[in-house]
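Asker: Please read through the structure below; I'll follow up with questions.
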Amino acid sequence: EESQPSVDIVNLTLSIAKLDLNVTCKNCTSEGLAKLDEQLNSPDAVEQAREAANGILGYITQLIEGEFLQTQADRFINEATKRCPHHPKYAINATNTKYDPLLDSRGRDETVSFLIAVAVSVLCIILAFVVVGYVVQRYVRQRNQVWIRSLPSSRILHIATQQKRDNEKQQELDKDSVALI
């Protein structure tokens, strides 16, 4: 028995007109970070980021409009009729129907493979940011230690006193403040 689609998404359009990366180096200790700031804020980088985002949105649109989502929606509605006590096909002890996996024309599930590839790519990017953040933090900490060692002890004592005063002031403010979130 061939059934007609019961839910269908037609002509879905998603796009990004402008994607501004807005990267600003507040206190760059390296010439490379300043250059990275310039490169990421360049019109070419903004355009490439916009094109990449629109490409991903285009793929998502194809998934939503395509057979994959349609088949999943049809399966969901088919199963729902068995679970609804007001429907004639209701079954008290209904079990989920076993469906064949959704395969593309080459016989493998390309959609899931692509989504896994995207997830792995995003995780790699996040990992790269974490590693870069850690390296920058270590570098700044190391430079700070070298700078502190170069100071006379009277200056170090003055800095420590100022930090203690600032911490006490912050604790006093924290006692009288309430977080908004």
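Convention: chains lettered A, B, ... in structure tokens order; per-chain residue numbering from 1; ligands numbered from 1 as shown.
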Write out as a PyMOL selection string which residues come within 10 Å of Glu67 in chain A when counting only C-alpha atoms, dropping same-chain ones fewer than 5 positions away.
Answerer: chain A and resi 8+62+72-73+102
Asker: Please, what distance in Å, to one decimal, runs between CA of Leu127 in chain A and CA of Ala17 in chain A?
Answerer: 28.5 Å
Asker: Using only C-alpha atoms, determine which residues lie at most 9 Å from Gly58 in chain A, disregarding the query and same-chain residues fewer than 5 positions distant; provide the list as a ChimeraX atom specification.
Answerer: /A:13-15,53,63
Asker: Could you tell me how far CA of Asp37 in chain A lies from CA of Cys25 in chain A, in Å and to one decimal?
Answerer: 6.3 Å
Asker: Going by DSSP on the backbone, which bits of range 7-174 of chain A are helix (DSSP H, G or I)? Write them as a short mmCIF file (atom, residue, chain, number, x, y, z; two decimals) with N, CA, C and O atoms, in the first residue's frame, please.
Answerer:
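Heads up, here's the output in result16.cif:
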```
data_model
loop_
_atom_site.label_atom_id
_atom_site.label_comp_id
_atom_site.auth_asym_id
_atom_site.auth_seq_id
_atom_site.Cartn_x
_atom_site.Cartn_y
_atom_site.Cartn_z
N GLU A 31 53.40 39.87 16.84
CA GLU A 31 53.09 40.46 15.54
C GLU A 31 52.16 39.55 14.74
O GLU A 31 51.30 40.01 13.99
N GLY A 32 52.30 38.24 14.95
CA GLY A 32 51.46 37.28 14.24
C GLY A 32 49.99 37.41 14.61
O GLY A 32 49.12 37.28 13.77
N LEU A 33 49.70 37.68 15.89
CA LEU A 33 48.32 37.84 16.32
C LEU A 33 47.72 39.10 15.71
O LEU A 33 46.54 39.12 15.34
N ALA A 34 48.51 40.17 15.61
CA ALA A 34 48.01 41.40 14.99
C ALA A 34 47.69 41.16 13.51
O ALA A 34 46.68 41.65 12.99
N LYS A 35 48.56 40.39 12.82
CA LYS A 35 48.31 40.09 11.40
C LYS A 35 47.08 39.20 11.25
O LYS A 35 46.30 39.37 10.31
N LEU A 36 46.90 38.25 12.18
CA LEU A 36 45.72 37.38 12.14
C LEU A 36 44.46 38.22 12.29
O LEU A 36 43.47 38.00 11.59
N ASP A 37 44.50 39.20 13.18
CA ASP A 37 43.39 40.13 13.38
C ASP A 37 43.04 40.81 12.06
O ASP A 37 41.88 40.85 11.65
N GLU A 38 44.04 41.33 11.37
CA GLU A 38 43.83 42.02 10.09
C GLU A 38 43.26 41.07 9.03
O GLU A 38 42.35 41.43 8.29
N GLN A 39 43.83 39.88 8.97
CA GLN A 39 43.40 38.93 7.95
C GLN A 39 41.95 38.47 8.16
O GLN A 39 41.19 38.35 7.21
N LEU A 40 41.57 38.21 9.42
CA LEU A 40 40.21 37.74 9.69
C LEU A 40 39.17 38.84 9.50
O LEU A 40 37.99 38.55 9.28
N PRO A 43 37.87 42.11 4.00
CA PRO A 43 36.64 41.84 3.23
C PRO A 43 36.64 40.44 2.58
O PRO A 43 35.60 39.80 2.49
N ASP A 44 37.82 39.98 2.16
CA ASP A 44 37.92 38.66 1.53
C ASP A 44 37.58 37.56 2.54
O ASP A 44 36.85 36.62 2.23
N ALA A 45 38.09 37.68 3.78
CA ALA A 45 37.81 36.68 4.81
C ALA A 45 36.33 36.69 5.18
O ALA A 45 35.72 35.63 5.37
N VAL A 46 35.74 37.88 5.26
CA VAL A 46 34.31 37.99 5.58
C VAL A 46 33.49 37.33 4.48
O VAL A 46 32.54 36.59 4.75
N GLU A 47 33.86 37.56 3.22
CA GLU A 47 33.14 36.97 2.09
C GLU A 47 33.28 35.44 2.08
O GLU A 47 32.32 34.72 1.85
N GLN A 48 34.50 34.95 2.36
CA GLN A 48 34.70 33.50 2.39
C GLN A 48 33.91 32.86 3.53
O GLN A 48 33.34 31.78 3.36
N ALA A 49 33.86 33.51 4.68
CA ALA A 49 33.08 32.98 5.80
C ALA A 49 31.59 32.96 5.45
O ALA A 49 30.88 32.00 5.77
N ARG A 50 31.11 34.01 4.78
CA ARG A 50 29.71 34.07 4.38
C ARG A 50 29.39 32.95 3.38
O ARG A 50 28.38 32.27 3.49
N GLU A 51 30.28 32.76 2.41
CA GLU A 51 30.07 31.70 1.41
C GLU A 51 30.06 30.32 2.06
O GLU A 51 29.23 29.47 1.72
N ALA A 52 30.97 30.09 3.00
CA ALA A 52 31.02 28.79 3.69
C ALA A 52 29.75 28.57 4.50
O ALA A 52 29.15 27.48 4.46
N ALA A 53 29.30 29.59 5.22
CA ALA A 53 28.07 29.47 6.01
C ALA A 53 26.87 29.23 5.10
O ALA A 53 26.00 28.40 5.41
N ASN A 54 26.80 29.93 3.97
CA ASN A 54 25.69 29.72 3.04
C ASN A 54 25.75 28.34 2.41
O ASN A 54 24.72 27.74 2.11
N GLY A 55 26.96 27.82 2.18
CA GLY A 55 27.09 26.46 1.66
C GLY A 55 26.54 25.43 2.65
O GLY A 55 25.83 24.50 2.27
N ILE A 56 26.85 25.62 3.93
CA ILE A 56 26.34 24.71 4.95
C ILE A 56 24.82 24.84 5.06
O ILE A 56 24.10 23.84 5.14
N LEU A 57 24.32 26.08 5.03
CA LEU A 57 22.87 26.28 5.07
C LEU A 57 22.19 25.67 3.85
O LEU A 57 21.09 25.13 3.95
N GLY A 58 22.84 25.76 2.68
CA GLY A 58 22.29 25.14 1.48
C GLY A 58 22.18 23.63 1.63
O GLY A 58 21.18 23.02 1.23
N TYR A 59 23.20 23.02 2.21
CA TYR A 59 23.17 21.58 2.42
C TYR A 59 22.06 21.20 3.41
O TYR A 59 21.32 20.24 3.19
N ILE A 60 21.94 21.99 4.48
CA ILE A 60 20.88 21.73 5.47
C ILE A 60 19.51 21.87 4.81
O ILE A 60 18.60 21.07 5.06
N THR A 61 19.36 22.87 3.94
CA THR A 61 18.10 23.06 3.22
C THR A 61 17.80 21.85 2.35
O THR A 61 16.66 21.38 2.32
N GLN A 62 18.80 21.32 1.66
CA GLN A 62 18.59 20.12 0.84
C GLN A 62 18.16 18.93 1.69
O GLN A 62 17.30 18.15 1.29
N LEU A 63 18.78 18.80 2.87
CA LEU A 63 18.39 17.71 3.77
C LEU A 63 16.94 17.85 4.21
O LEU A 63 16.17 16.88 4.22
N ILE A 64 16.56 19.08 4.58
CA ILE A 64 15.20 19.31 5.07
C ILE A 64 14.17 19.10 3.96
O ILE A 64 13.13 18.51 4.19
N GLU A 65 14.47 19.58 2.75
CA GLU A 65 13.53 19.45 1.64
C GLU A 65 13.58 18.07 0.99
O GLU A 65 12.67 17.69 0.28
N GLU A 67 14.39 13.73 0.48
CA GLU A 67 13.71 12.49 0.82
C GLU A 67 14.05 12.01 2.22
O GLU A 67 13.24 11.36 2.87
N PHE A 68 15.24 12.32 2.70
CA PHE A 68 15.66 11.84 4.02
C PHE A 68 14.69 12.30 5.10
O PHE A 68 14.13 11.49 5.84
N LEU A 69 14.47 13.61 5.21
CA LEU A 69 13.58 14.14 6.23
C LEU A 69 12.13 13.73 5.95
O LEU A 69 11.37 13.43 6.87
N GLN A 70 11.75 13.72 4.68
CA GLN A 70 10.38 13.32 4.31
C GLN A 70 10.11 11.89 4.76
O GLN A 70 9.06 11.59 5.34
N THR A 71 11.04 11.01 4.52
CA THR A 71 10.88 9.61 4.91
C THR A 71 10.81 9.49 6.43
O THR A 71 9.98 8.74 6.96
N GLN A 72 11.65 10.23 7.13
CA GLN A 72 11.63 10.18 8.60
C GLN A 72 10.29 10.69 9.13
O GLN A 72 9.72 10.12 10.05
N ALA A 73 9.77 11.78 8.55
CA ALA A 73 8.48 12.32 8.98
C ALA A 73 7.36 11.32 8.70
O ALA A 73 6.48 11.11 9.55
N ASP A 74 7.39 10.69 7.53
CA ASP A 74 6.36 9.70 7.20
C ASP A 74 6.41 8.51 8.15
O ASP A 74 5.38 8.01 8.59
N ARG A 75 7.61 8.07 8.49
CA ARG A 75 7.75 6.96 9.43
C ARG A 75 7.22 7.35 10.82
O ARG A 75 6.54 6.56 11.47
N PHE A 76 7.53 8.56 11.25
CA PHE A 76 7.07 9.05 12.55
C PHE A 76 5.54 9.09 12.60
O PHE A 76 4.93 8.63 13.57
N ILE A 77 4.92 9.60 11.55
CA ILE A 77 3.45 9.69 11.51
C ILE A 77 2.83 8.30 11.42
O ILE A 77 1.81 8.02 12.06
N ASN A 78 3.46 7.40 10.67
CA ASN A 78 2.98 6.03 10.58
C ASN A 78 3.00 5.35 11.95
O ASN A 78 2.06 4.66 12.33
N GLU A 79 4.07 5.56 12.70
CA GLU A 79 4.18 4.98 14.04
C GLU A 79 3.18 5.64 14.99
O GLU A 79 2.65 5.00 15.89
N ALA A 80 2.92 6.94 14.81
CA ALA A 80 2.02 7.67 15.70
C ALA A 80 0.60 7.13 15.64
O ALA A 80 -0.11 7.11 16.65
N THR A 81 0.17 6.67 14.47
CA THR A 81 -1.19 6.14 14.34
C THR A 81 -1.39 4.90 15.22
O THR A 81 -2.48 4.66 15.72
N LYS A 82 -0.34 4.12 15.41
CA LYS A 82 -0.43 2.91 16.23
C LYS A 82 -0.47 3.24 17.72
O LYS A 82 -0.90 2.43 18.53
N ARG A 83 -0.01 4.43 18.09
CA ARG A 83 0.08 4.81 19.50
C ARG A 83 -1.05 5.74 19.96
O ARG A 83 -1.17 6.02 21.13
N GLU A 110 25.17 8.45 2.91
CA GLU A 110 26.04 9.61 2.73
C GLU A 110 25.68 10.74 3.69
O GLU A 110 26.55 11.46 4.16
N THR A 111 24.42 10.90 4.01
CA THR A 111 23.99 11.97 4.90
C THR A 111 24.61 11.81 6.27
O THR A 111 25.17 12.75 6.82
N VAL A 112 24.54 10.64 6.83
CA VAL A 112 25.12 10.40 8.15
C VAL A 112 26.63 10.56 8.10
O VAL A 112 27.24 11.15 9.00
N SER A 113 27.25 10.08 7.03
CA SER A 113 28.70 10.25 6.89
C SER A 113 29.08 11.71 6.85
O SER A 113 30.06 12.14 7.48
N PHE A 114 28.31 12.51 6.13
CA PHE A 114 28.60 13.94 6.06
C PHE A 114 28.43 14.60 7.43
O PHE A 114 29.26 15.40 7.85
N LEU A 115 27.35 14.26 8.13
CA LEU A 115 27.12 14.84 9.45
C LEU A 115 28.22 14.44 10.42
O LEU A 115 28.66 15.26 11.25
N ILE A 116 28.71 13.23 10.34
CA ILE A 116 29.82 12.81 11.18
C ILE A 116 31.07 13.59 10.82
O ILE A 116 31.81 14.05 11.70
N ALA A 117 31.31 13.80 9.52
CA ALA A 117 32.47 14.57 9.09
C ALA A 117 32.38 16.01 9.59
O ALA A 117 33.38 16.59 10.03
N VAL A 118 31.20 16.61 9.53
CA VAL A 118 31.02 17.97 10.04
C VAL A 118 31.28 18.01 11.54
O VAL A 118 31.97 18.90 12.04
N ALA A 119 30.74 17.04 12.28
CA ALA A 119 30.94 17.00 13.73
C ALA A 119 32.42 16.85 14.08
O ALA A 119 32.92 17.55 14.97
N VAL A 120 33.12 15.98 13.37
CA VAL A 120 34.55 15.80 13.61
C VAL A 120 35.30 17.08 13.28
O VAL A 120 36.20 17.50 14.02
N SER A 121 34.92 17.74 12.20
CA SER A 121 35.57 19.00 11.82
C SER A 121 35.36 20.08 12.88
O SER A 121 36.30 20.78 13.26
N VAL A 122 34.14 20.19 13.38
CA VAL A 122 33.84 21.18 14.42
C VAL A 122 34.64 20.86 15.68
O VAL A 122 35.21 21.76 16.31
N LEU A 123 34.70 19.59 16.05
CA LEU A 123 35.49 19.20 17.23
C LEU A 123 36.97 19.52 17.04
O LEU A 123 37.63 19.98 17.98
N CYS A 124 37.49 19.30 15.83
CA CYS A 124 38.89 19.63 15.56
C CYS A 124 39.13 21.13 15.66
O CYS A 124 40.16 21.56 16.20
N ILE A 125 38.20 21.93 15.17
CA ILE A 125 38.34 23.38 15.25
C ILE A 125 38.31 23.82 16.71
O ILE A 125 39.12 24.64 17.14
N ILE A 126 37.38 23.27 17.49
CA ILE A 126 37.31 23.61 18.91
C ILE A 126 38.60 23.20 19.61
O ILE A 126 39.16 23.96 20.41
N LEU A 127 39.09 22.01 19.30
CA LEU A 127 40.34 21.55 19.90
C LEU A 127 41.50 22.47 19.51
O LEU A 127 42.35 22.79 20.35
N ALA A 128 41.54 22.92 18.26
CA ALA A 128 42.59 23.84 17.83
C ALA A 128 42.52 25.14 18.61
O ALA A 128 43.55 25.66 19.05
N PHE A 129 41.31 25.68 18.82
CA PHE A 129 41.17 26.90 19.60
C PHE A 129 41.64 26.69 21.04
O PHE A 129 42.29 27.56 21.62
N VAL A 130 41.30 25.55 21.62
CA VAL A 130 41.73 25.26 22.99
C VAL A 130 43.25 25.18 23.07
O VAL A 130 43.87 25.74 23.97
N VAL A 131 43.86 24.49 22.10
CA VAL A 131 45.32 24.37 22.09
C VAL A 131 45.98 25.73 21.90
O VAL A 131 46.93 26.08 22.62
N VAL A 132 45.47 26.52 20.95
CA VAL A 132 46.04 27.86 20.73
C VAL A 132 45.86 28.71 21.99
O VAL A 132 46.79 29.41 22.41
N GLY A 133 44.69 28.65 22.63
CA GLY A 133 44.46 29.40 23.86
C GLY A 133 45.43 28.99 24.95
O GLY A 133 45.99 29.83 25.67
N TYR A 134 45.67 27.68 25.08
CA TYR A 134 46.59 27.18 26.09
C TYR A 134 48.02 27.66 25.79
O TYR A 134 48.72 28.12 26.70
N VAL A 135 48.44 27.57 24.54
CA VAL A 135 49.79 27.99 24.17
C VAL A 135 49.97 29.49 24.42
O VAL A 135 51.00 29.92 24.98
N VAL A 136 48.98 30.29 24.04
CA VAL A 136 49.07 31.74 24.27
C VAL A 136 49.11 32.03 25.76
O VAL A 136 49.91 32.86 26.21
N GLN A 137 48.30 31.34 26.53
CA GLN A 137 48.29 31.55 27.99
C GLN A 137 49.64 31.20 28.60
O GLN A 137 50.16 31.95 29.44
N ARG A 138 50.22 30.09 28.19
CA ARG A 138 51.55 29.70 28.70
C ARG A 138 52.60 30.72 28.30
O ARG A 138 53.47 31.07 29.10
N TYR A 139 52.54 31.20 27.07
CA TYR A 139 53.51 32.17 26.58
C TYR A 139 53.42 33.47 27.38
O TYR A 139 54.43 34.03 27.81
N VAL A 140 52.19 33.95 27.60
CA VAL A 140 51.99 35.19 28.36
C VAL A 140 52.46 34.99 29.80
O VAL A 140 53.12 35.87 30.37
N ARG A 141 52.11 33.86 30.41
CA ARG A 141 52.54 33.58 31.78
C ARG A 141 54.07 33.55 31.87
O ARG A 141 54.65 34.10 32.81
N GLN A 142 54.71 32.92 30.89
CA GLN A 142 56.17 32.83 30.89
C GLN A 142 56.80 34.22 30.74
O GLN A 142 57.75 34.56 31.46
N ARG A 143 56.26 35.04 29.85
CA ARG A 143 56.78 36.40 29.69
C ARG A 143 56.56 37.23 30.95
O ARG A 143 57.41 38.04 31.33
N ASN A 144 55.42 37.03 31.60
CA ASN A 144 55.14 37.74 32.84
C ASN A 144 56.14 37.36 33.93
O ASN A 144 56.61 38.23 34.67
N GLN A 145 56.46 36.09 34.02
CA GLN A 145 57.44 35.64 35.02
C GLN A 145 58.82 36.23 34.75
O GLN A 145 59.52 36.65 35.68
N VAL A 146 59.20 36.30 33.48
CA VAL A 146 60.49 36.91 33.13
C VAL A 146 60.48 38.38 33.51
O VAL A 146 61.45 38.91 34.07
N TRP A 147 59.37 39.07 33.26
CA TRP A 147 59.25 40.49 33.59
C TRP A 147 59.33 40.71 35.09
O TRP A 147 60.01 41.61 35.57
N ILE A 148 58.62 39.85 35.86
CA ILE A 148 58.63 39.99 37.32
C ILE A 148 60.04 39.78 37.87
O ILE A 148 60.48 40.50 38.77
N ARG A 149 60.77 38.80 37.32
CA ARG A 149 62.14 38.55 37.79
C ARG A 149 63.07 39.73 37.50
O ARG A 149 64.06 39.91 38.18
N SER A 150 62.71 40.53 36.48
CA SER A 150 63.57 41.67 36.14
C SER A 150 63.30 42.89 37.02
O SER A 150 64.06 43.85 36.97
N SER A 153 62.94 44.34 44.06
CA SER A 153 62.02 43.80 45.07
C SER A 153 61.05 44.85 45.59
O SER A 153 59.91 44.52 45.93
N SER A 154 61.43 46.12 45.63
CA SER A 154 60.50 47.16 46.10
C SER A 154 59.32 47.30 45.14
O SER A 154 58.19 47.50 45.57
N ARG A 155 59.57 47.18 43.85
CA ARG A 155 58.49 47.27 42.86
C ARG A 155 57.57 46.07 42.96
O ARG A 155 56.35 46.19 42.85
N ILE A 156 58.15 44.87 43.19
CA ILE A 156 57.35 43.66 43.36
C ILE A 156 56.45 43.79 44.57
O ILE A 156 55.26 43.45 44.54
N LEU A 157 56.99 44.33 45.68
CA LEU A 157 56.20 44.54 46.88
C LEU A 157 55.07 45.52 46.63
O LEU A 157 53.93 45.30 47.07
N HIS A 158 55.34 46.58 45.88
CA HIS A 158 54.31 47.56 45.54
C HIS A 158 53.19 46.92 44.70
O HIS A 158 52.00 47.15 44.96
N ILE A 159 53.55 46.11 43.73
CA ILE A 159 52.56 45.43 42.88
C ILE A 159 51.73 44.46 43.72
O ILE A 159 50.50 44.41 43.59
N ALA A 160 52.36 43.70 44.61
CA ALA A 160 51.65 42.75 45.45
C ALA A 160 50.67 43.47 46.37
O ALA A 160 49.53 43.02 46.57
N THR A 161 51.08 44.61 46.93
CA THR A 161 50.21 45.40 47.80
C THR A 161 49.01 45.91 47.02
O THR A 161 47.87 45.86 47.50
N GLN A 162 49.25 46.41 45.81
CA GLN A 162 48.16 46.92 44.97
C GLN A 162 47.18 45.81 44.60
O GLN A 162 45.97 46.00 44.64
N GLN A 163 47.70 44.62 44.28
CA GLN A 163 46.84 43.49 43.94
C GLN A 163 45.98 43.08 45.14
O GLN A 163 44.80 42.78 45.00
N LYS A 164 46.60 43.08 46.33
CA LYS A 164 45.85 42.72 47.54
C LYS A 164 44.73 43.73 47.79
O LYS A 164 43.60 43.35 48.09
N ARG A 165 45.04 45.02 47.62
CA ARG A 165 44.04 46.07 47.80
C ARG A 165 42.90 45.91 46.78
O ARG A 165 41.72 46.03 47.12
N ASP A 166 43.25 45.63 45.53
CA ASP A 166 42.23 45.43 44.49
C ASP A 166 41.35 44.22 44.80
O ASP A 166 40.13 44.27 44.61
N ASN A 167 41.94 43.13 45.28
CA ASN A 167 41.17 41.93 45.63
C ASN A 167 40.21 42.21 46.78
O ASN A 167 39.06 41.76 46.76
N GLU A 168 40.67 42.94 47.79
CA GLU A 168 39.80 43.28 48.92
C GLU A 168 38.64 44.16 48.46
O GLU A 168 37.50 43.96 48.88
N LYS A 169 38.92 45.12 47.59
CA LYS A 169 37.88 45.99 47.07
C LYS A 169 36.86 45.17 46.26
O LYS A 169 35.65 45.37 46.37
N GLN A 170 37.34 44.23 45.46
CA GLN A 170 36.45 43.39 44.66
C GLN A 170 35.59 42.51 45.55
O GLN A 170 34.40 42.33 45.30
N GLN A 171 36.16 41.96 46.62
CA GLN A 171 35.38 41.14 47.55
C GLN A 171 34.30 41.97 48.23
O GLN A 171 33.19 41.50 48.45
N GLU A 172 34.60 43.21 48.57
CA GLU A 172 33.63 44.11 49.18
C GLU A 172 32.48 44.39 48.21
O GLU A 172 31.31 44.38 48.58
N LEU A 173 32.83 44.63 46.95
CA LEU A 173 31.80 44.85 45.93
C LEU A 173 30.95 43.60 45.73
O LEU A 173 29.73 43.69 45.54
N ASP A 174 31.58 42.42 45.76
CA ASP A 174 30.85 41.17 45.58
C ASP A 174 29.83 40.94 46.69
O ASP A 174 28.76 40.37 46.46
#
```
